[in-house]
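Here the structure is laid out as structure tokens; the discussion comes afterwards.
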Amino acid sequence: MKDQTFNENHHPILKKVEALMILMIFIFGYGMLAIGAWHTYPNAEEFELSAAPRDVGIIRSLVDLMISYDGRYATNIMHALNPLTLNSIYGYKLMPVLSVFIFVVGLYLFLIPFINSQRGYNIFLLSALFTLPFFASLPSLVCSLYWVGGAFVYLYPCIFFMLFAASLISYVRCERIYENLYFLISVLSLIGGIGFNEMFLPFYSISLTVLLYFFWHEDQRIFFKILPVTIIGYTSILFFVFTPGVSFRLENSEATISMQLFSNNFKNLFITLFEAVSKPITFCIFLYTAVLFNQNVIYLKRNISLTHSIYFIIGILSIAYLMAFAYYFPKRELSGYPERIYPPILFLCLFTFFLLSGKLISISNRTRSSLLLKKILPYLKPTLLVIILFNMIFGNNNIALLFSDFRSRKMQHFKDFMDSRICKLTEASQLKGSHNIVLIPKLDEDGYPTSIYKYPDVEVDRQNSIWNKYHEEYFKIDEIIVSGDTSNRFK
């Protein structure tokens, strides 16, 4: 255990201010995420994803998707467990809250093997602090959290990876009595993590290969211990890749691969990382963590040299590029910005910067400004927390957008509108007649809260009739007509 180079008792007032600011950040940040969840509602695609397992059964819907659409077996299983399959709208609202909670817990378990602290709760507080800037800086909070189907695809693989990494490290280090338990958790979380998203196929392929190569040269006892885990991982990857639905999607893609695809991938990756890191809420949490490292409030269990840190960052950025390419390749996306795909990439990159942030000030400590820096640091922590809180309220990020939509009553207006619509659709679904038709109002495209909801939605004149059909399929209604419709006027 390292000696603490900074005695917090010398600044009791600053310590109290820091604790108060952390409490206010948690209350406001997580409070806004919960308020957003209470006001959220599923969109048209969410209804479609839940209708199939509800109506035809979980097994059949899984088989149909794997034959005709994709190999995301874990995601498709989660769709079957969506509260919408039980016709529970309020259960659906609880899912974003649950997702945030298990993300914080998963990050806490993930940090334990890498970071130590004189007070164990510091690691949990750190995981909770990192979570807020992560969600605040996502390109689309709707697609990553409030659209539960999107969370299954892009957020849950991050959670399963954290569980896999933590359990694998525990499996390697544990006593024989717990070995089977950690092995089982490692395997299950690995199988699940691979099955959520094709973007994690290159990530796990490279990571498992690097692990085997490293331990073959460093410690062959560990090599043979993790070999069964990696074999199961490779098998899961092959199962995903050779699922008929994957081949079907690739064969039906008319576009060709060109340099524009590679350049668009690079451009979008750079934009995503730059916008996330440049946000004050993200930059300040890096600095705050760096101060904690500098004061030995927390410290890495294994020191990493600056050279290895640079290599590690380059490796993570390269893997991030390949992960995005795994999305672009079957889609052949030559232009545009698919904002929903970047949560896994941001998680890996931001967490890497976060874990290595202590190097920022450790380098400064080698300069002549070291003494001045040590005097400033006690005042820097509460200042950074004030900036974080202020930015969450008034800044340009997802939590500030939630607050803006809540304060302007957009959320409440949207909730009243959707409650009325769901009630009307539910009542119509219970009617028995030869042809069941229901008229519902159109959602105001300019007035709904973009912080918690995103199209697709039902359309006037069935301009994209598939979204109307998805609602009809879920609510068992013959036809849904939107106010302003003219397609049936002369029938």
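Just so we're on the same page: first chain in the structure tokens is A, next is B, and so on; residues restart at 1 for each chain, and ligands are numbered from 1 in the order they show up.
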
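Near Thr282 (chain A), within a cut-off of 9 Å and counting only C-alpha atoms, sit the residues Phe130, Leu132, Pro133, Phe134, Ala136, Ser137, Ala276, Val277, Ser278, Lys279, Ile285, Phe286, Leu287, Leu350 and Ile388 of chain A, with same-chain residues fewer than 3 positions away left out.
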
Quick one: write out the picked residues with C-alpha atoms as a compact mmCIF listing (two decimals), in the first residue's frame?
# COMPACT_ATOMS: atom_id res chain seq x y z
CA PHE A 130 -17.17 8.08 -14.98
CA LEU A 132 -22.22 10.21 -16.10
CA PRO A 133 -19.75 11.81 -18.59
CA PHE A 134 -19.94 8.62 -20.65
CA ALA A 136 -23.53 12.64 -21.38
CA SER A 137 -21.08 12.49 -24.30
CA ALA A 276 -16.58 13.51 -26.70
CA VAL A 277 -13.16 14.42 -25.29
CA SER A 278 -13.60 18.13 -25.96
CA LYS A 279 -16.79 18.34 -23.90
CA ILE A 285 -13.48 14.07 -15.23
CA PHE A 286 -10.14 13.09 -16.81
CA LEU A 287 -8.40 15.90 -14.91
CA LEU A 350 -12.75 6.96 -22.92
CA ILE A 388 -18.91 19.32 -14.22

Considering only alpha helix (DSSP H) as DSSP defines it on the backbone, what residues of region 138-303 of chain A qualify? List them as a count of residues only. 129

Contact residues around Leu138 (chain A) with only C-alpha atoms at 12 Å, ignoring same-chain residues under 2 positions, as an NGL selection string: :A and (131-136 or 140-145 or 154-155 or 271-277 or 279 or 281-282 or 339-347 or 350 or 396-399 or 451)

Name the residues of region 285-459 of chain A that fall into strand (DSSP E) according to DSSP on the backbone, using the chain letters and numbers of this document, as a ChimeraX atom specification. /A:298-300,437-440

Resulting file, chosen residues, N, CA and C atoms, as an mmCIF file, in the first residue's frame:
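Saved the output as again_4.cif:
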data_model
loop_
_atom_site.group_PDB
_atom_site.id
_atom_site.type_symbol
_atom_site.label_atom_id
_atom_site.label_comp_id
_atom_site.auth_asym_id
_atom_site.auth_seq_id
_atom_site.Cartn_x
_atom_site.Cartn_y
_atom_site.Cartn_z
ATOM 1 N N ILE A 298 -6.225 7.121 -5.317
ATOM 2 C CA ILE A 298 -6.320 5.857 -6.053
ATOM 3 C C ILE A 298 -4.991 5.658 -6.777
ATOM 4 N N TYR A 299 -4.678 4.432 -7.120
ATOM 5 C CA TYR A 299 -3.459 4.172 -7.878
ATOM 6 C C TYR A 299 -3.582 2.843 -8.598
ATOM 7 N N LEU A 300 -2.892 2.755 -9.719
ATOM 8 C CA LEU A 300 -2.892 1.526 -10.501
ATOM 9 C C LEU A 300 -2.153 0.435 -9.750
ATOM 10 N N ILE A 437 -60.475 -0.292 -37.091
ATOM 11 C CA ILE A 437 -59.727 0.885 -37.513
ATOM 12 C C ILE A 437 -59.689 1.878 -36.360
ATOM 13 N N VAL A 438 -58.509 2.512 -36.152
ATOM 14 C CA VAL A 438 -58.390 3.512 -35.100
ATOM 15 C C VAL A 438 -57.684 4.743 -35.652
ATOM 16 N N LEU A 439 -58.183 5.925 -35.298
ATOM 17 C CA LEU A 439 -57.599 7.197 -35.698
ATOM 18 C C LEU A 439 -56.806 7.764 -34.530
ATOM 19 N N ILE A 440 -55.546 8.083 -34.772
ATOM 20 C CA ILE A 440 -54.703 8.648 -33.710
ATOM 21 C C ILE A 440 -54.060 9.929 -34.207
#

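Distance-wise, CA of Gly195 (chain A) and CA of Ile59 (chain A) end up 15.9 Å apart.
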
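Residues in contact range of Glu46 (chain A), defined as at most 10 Å between only C-alpha atoms, with sequence neighbours fewer than 3 positions away removed, read Tyr41, Pro42, Asn43, Leu49, Ser50, Ala51, His79, Asn82, Leu84, Trp147, Val148, Gly149, Gly150, Pro456, Tyr470, His471 and Tyr474 of chain A.
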
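Each of A:Arg409, A:Lys432, A:Arg54, A:Arg302 was checked against Leu81 (chain A) using only C-alpha atoms; the smallest atom-to-atom distance is that of A:Arg54.
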
Test item: residues at most 8 Å from region 95-100 of chain A, only C-alpha atoms, excluding those fewer than 5 positions along its chain, as an mmCIF file with N, CA and C atoms, in the first residue's frame:
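Once everything was written out, this is part-v4.cif:
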data_model
loop_
_atom_site.group_PDB
_atom_site.id
_atom_site.type_symbol
_atom_site.label_atom_id
_atom_site.label_comp_id
_atom_site.auth_asym_id
_atom_site.auth_seq_id
_atom_site.Cartn_x
_atom_site.Cartn_y
_atom_site.Cartn_z
ATOM 1 N N LEU A 33 -31.369 11.229 -15.662
ATOM 2 C CA LEU A 33 -31.465 9.982 -16.426
ATOM 3 C C LEU A 33 -32.727 9.213 -16.049
ATOM 4 N N ALA A 34 -33.071 9.209 -14.753
ATOM 5 C CA ALA A 34 -34.281 8.521 -14.295
ATOM 6 C C ALA A 34 -35.543 9.247 -14.770
ATOM 7 N N ALA A 37 -36.141 8.384 -18.268
ATOM 8 C CA ALA A 37 -36.698 7.036 -18.397
ATOM 9 C C ALA A 37 -38.196 7.029 -18.116
ATOM 10 N N LEU A 145 -29.650 4.180 -24.903
ATOM 11 C CA LEU A 145 -30.217 3.931 -23.582
ATOM 12 C C LEU A 145 -31.733 3.869 -23.589
ATOM 13 N N TYR A 146 -32.387 4.935 -24.075
ATOM 14 C CA TYR A 146 -33.840 5.004 -23.961
ATOM 15 C C TYR A 146 -34.561 4.156 -25.005
ATOM 16 N N VAL A 148 -34.656 0.790 -25.876
ATOM 17 C CA VAL A 148 -34.147 -0.400 -25.182
ATOM 18 C C VAL A 148 -33.513 -1.380 -26.162
ATOM 19 N N ALA A 151 -30.087 -0.232 -26.734
ATOM 20 C CA ALA A 151 -29.231 -0.527 -25.580
ATOM 21 C C ALA A 151 -28.759 -1.978 -25.613
ATOM 22 N N TYR A 156 -25.190 -3.056 -23.870
ATOM 23 C CA TYR A 156 -25.026 -4.299 -23.116
ATOM 24 C C TYR A 156 -23.754 -5.067 -23.458
#

What separates CA of Tyr69 (chain A) and CA of Ala52 (chain A) is a distance of 13.6 Å

Excluding region 379-387 of chain A and residues on its chain fewer than 4 positions from it, collect all residues at most 8 Å away from it, counting only C-alpha atoms, and give them as a PyMOL selection string. chain A and resi 14+17-18+21-22+25+280-281+284-285+287-288+291+391

Two-atom distance - CA of Asn122 (chain A), CA of Ile35 (chain A) (Å): 26.5 Å

Can you pull out every residue within 12 Å of Phe312 (chain A), counting only C-alpha atoms, but drop anything in the same chain fewer than 3 positions away, and send it as a VMD selection string? chain A and resid 304 to 309 315 to 319 348 to 349 351 to 353 355 to 356

Output C-alpha atoms of each residue in that selection to a file, as a PDB file, in the first residue's frame.
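Resulting contents of result12.pdb:
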ATOM      1  CA  ILE A 304       2.413   1.386 -16.751  1.00  0.00           C
ATOM      2  CA  SER A 305       5.260   3.259 -18.392  1.00  0.00           C
ATOM      3  CA  LEU A 306       4.584   6.209 -20.653  1.00  0.00           C
ATOM      4  CA  THR A 307       5.822   4.232 -23.661  1.00  0.00           C
ATOM      5  CA  HIS A 308       3.488   1.322 -22.939  1.00  0.00           C
ATOM      6  CA  SER A 309       0.638   3.789 -22.370  1.00  0.00           C
ATOM      7  CA  GLY A 315      -3.808  -0.313 -30.047  1.00  0.00           C
ATOM      8  CA  ILE A 316      -7.221   0.675 -28.660  1.00  0.00           C
ATOM      9  CA  LEU A 317      -7.727   3.285 -31.395  1.00  0.00           C
ATOM     10  CA  SER A 318      -6.828   0.704 -34.053  1.00  0.00           C
ATOM     11  CA  ILE A 319      -9.283  -1.789 -32.591  1.00  0.00           C
ATOM     12  CA  LEU A 348     -13.243   1.552 -24.798  1.00  0.00           C
ATOM     13  CA  CYS A 349     -11.483   4.783 -25.768  1.00  0.00           C
ATOM     14  CA  PHE A 351     -12.071   4.266 -20.348  1.00  0.00           C
ATOM     15  CA  THR A 352      -8.522   3.891 -21.667  1.00  0.00           C
ATOM     16  CA  PHE A 353      -7.931   7.647 -21.412  1.00  0.00           C
ATOM     17  CA  LEU A 355      -7.393   4.762 -16.702  1.00  0.00           C
ATOM     18  CA  LEU A 356      -4.221   6.358 -18.003  1.00  0.00           C
TER      19      LEU A 356
END

Counting only C-alpha atoms, the residue of A:Phe403, A:Phe161, A:Phe110, A:Phe262 that sits nearest Ile194 (chain A): A:Phe161

Residues of region 436-488 of chain A that approach region 417-431 of chain A to 12 Å or less, counting only C-alpha atoms: could you list each one with the shortest pair of atoms and its distance in Å to one decimal, rows by chain and increasing residue number, as JSON lines?
{"residue": "A:Asn436", "atom": "CA", "partner": "A:Ala428", "partner_atom": "CA", "distance": 7.3}
{"residue": "A:Ile437", "atom": "CA", "partner": "A:Ala428", "partner_atom": "CA", "distance": 7.8}
{"residue": "A:Val438", "atom": "CA", "partner": "A:Ala428", "partner_atom": "CA", "distance": 6.6}
{"residue": "A:Leu439", "atom": "CA", "partner": "A:Lys424", "partner_atom": "CA", "distance": 8.7}
{"residue": "A:Ile440", "atom": "CA", "partner": "A:Arg421", "partner_atom": "CA", "distance": 6.5}
{"residue": "A:Pro441", "atom": "CA", "partner": "A:Arg421", "partner_atom": "CA", "distance": 7.6}
{"residue": "A:Lys442", "atom": "CA", "partner": "A:Arg421", "partner_atom": "CA", "distance": 9.6}
{"residue": "A:Leu443", "atom": "CA", "partner": "A:Phe417", "partner_atom": "CA", "distance": 8.0}
{"residue": "A:Asp444", "atom": "CA", "partner": "A:Phe417", "partner_atom": "CA", "distance": 9.8}
{"residue": "A:Gly447", "atom": "CA", "partner": "A:Phe417", "partner_atom": "CA", "distance": 11.1}
{"residue": "A:Tyr448", "atom": "CA", "partner": "A:Phe417", "partner_atom": "CA", "distance": 9.6}
{"residue": "A:Pro449", "atom": "CA", "partner": "A:Phe417", "partner_atom": "CA", "distance": 11.8}
{"residue": "A:Tyr453", "atom": "CA", "partner": "A:Met418", "partner_atom": "CA", "distance": 11.1}
{"residue": "A:Asp457", "atom": "CA", "partner": "A:Met418", "partner_atom": "CA", "distance": 11.4}
{"residue": "A:Val458", "atom": "CA", "partner": "A:Arg421", "partner_atom": "CA", "distance": 11.2}
{"residue": "A:Asn468", "atom": "CA", "partner": "A:Leu425", "partner_atom": "CA", "distance": 12.0}
{"residue": "A:His471", "atom": "CA", "partner": "A:Leu425", "partner_atom": "CA", "distance": 8.8}
{"residue": "A:Glu472", "atom": "CA", "partner": "A:Leu425", "partner_atom": "CA", "distance": 8.9}
{"residue": "A:Glu473", "atom": "CA", "partner": "A:Ser429", "partner_atom": "CA", "distance": 10.2}
{"residue": "A:Tyr474", "atom": "CA", "partner": "A:Ser429", "partner_atom": "CA", "distance": 9.2}
{"residue": "A:Phe475", "atom": "CA", "partner": "A:Ser429", "partner_atom": "CA", "distance": 5.5}
{"residue": "A:Lys476", "atom": "CA", "partner": "A:Ser429", "partner_atom": "CA", "distance": 5.6}
{"residue": "A:Ile477", "atom": "CA", "partner": "A:Ser429", "partner_atom": "CA", "distance": 5.6}
{"residue": "A:Asp478", "atom": "CA", "partner": "A:Ser429", "partner_atom": "CA", "distance": 9.0}
{"residue": "A:Glu479", "atom": "CA", "partner": "A:Ala428", "partner_atom": "CA", "distance": 10.3}
{"residue": "A:Ile480", "atom": "CA", "partner": "A:Leu425", "partner_atom": "CA", "distance": 8.8}
{"residue": "A:Ile481", "atom": "CA", "partner": "A:Leu425", "partner_atom": "CA", "distance": 11.2}
{"residue": "A:Val482", "atom": "CA", "partner": "A:Arg421", "partner_atom": "CA", "distance": 10.9}
{"residue": "A:Ser483", "atom": "CA", "partner": "A:Arg421", "partner_atom": "CA", "distance": 12.0}

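Closest approach to Lys410 (chain A) from the set A:Ile452, A:Val172, A:Leu269, A:Leu227 is made by A:Ile452, with distances taken over only C-alpha atoms.
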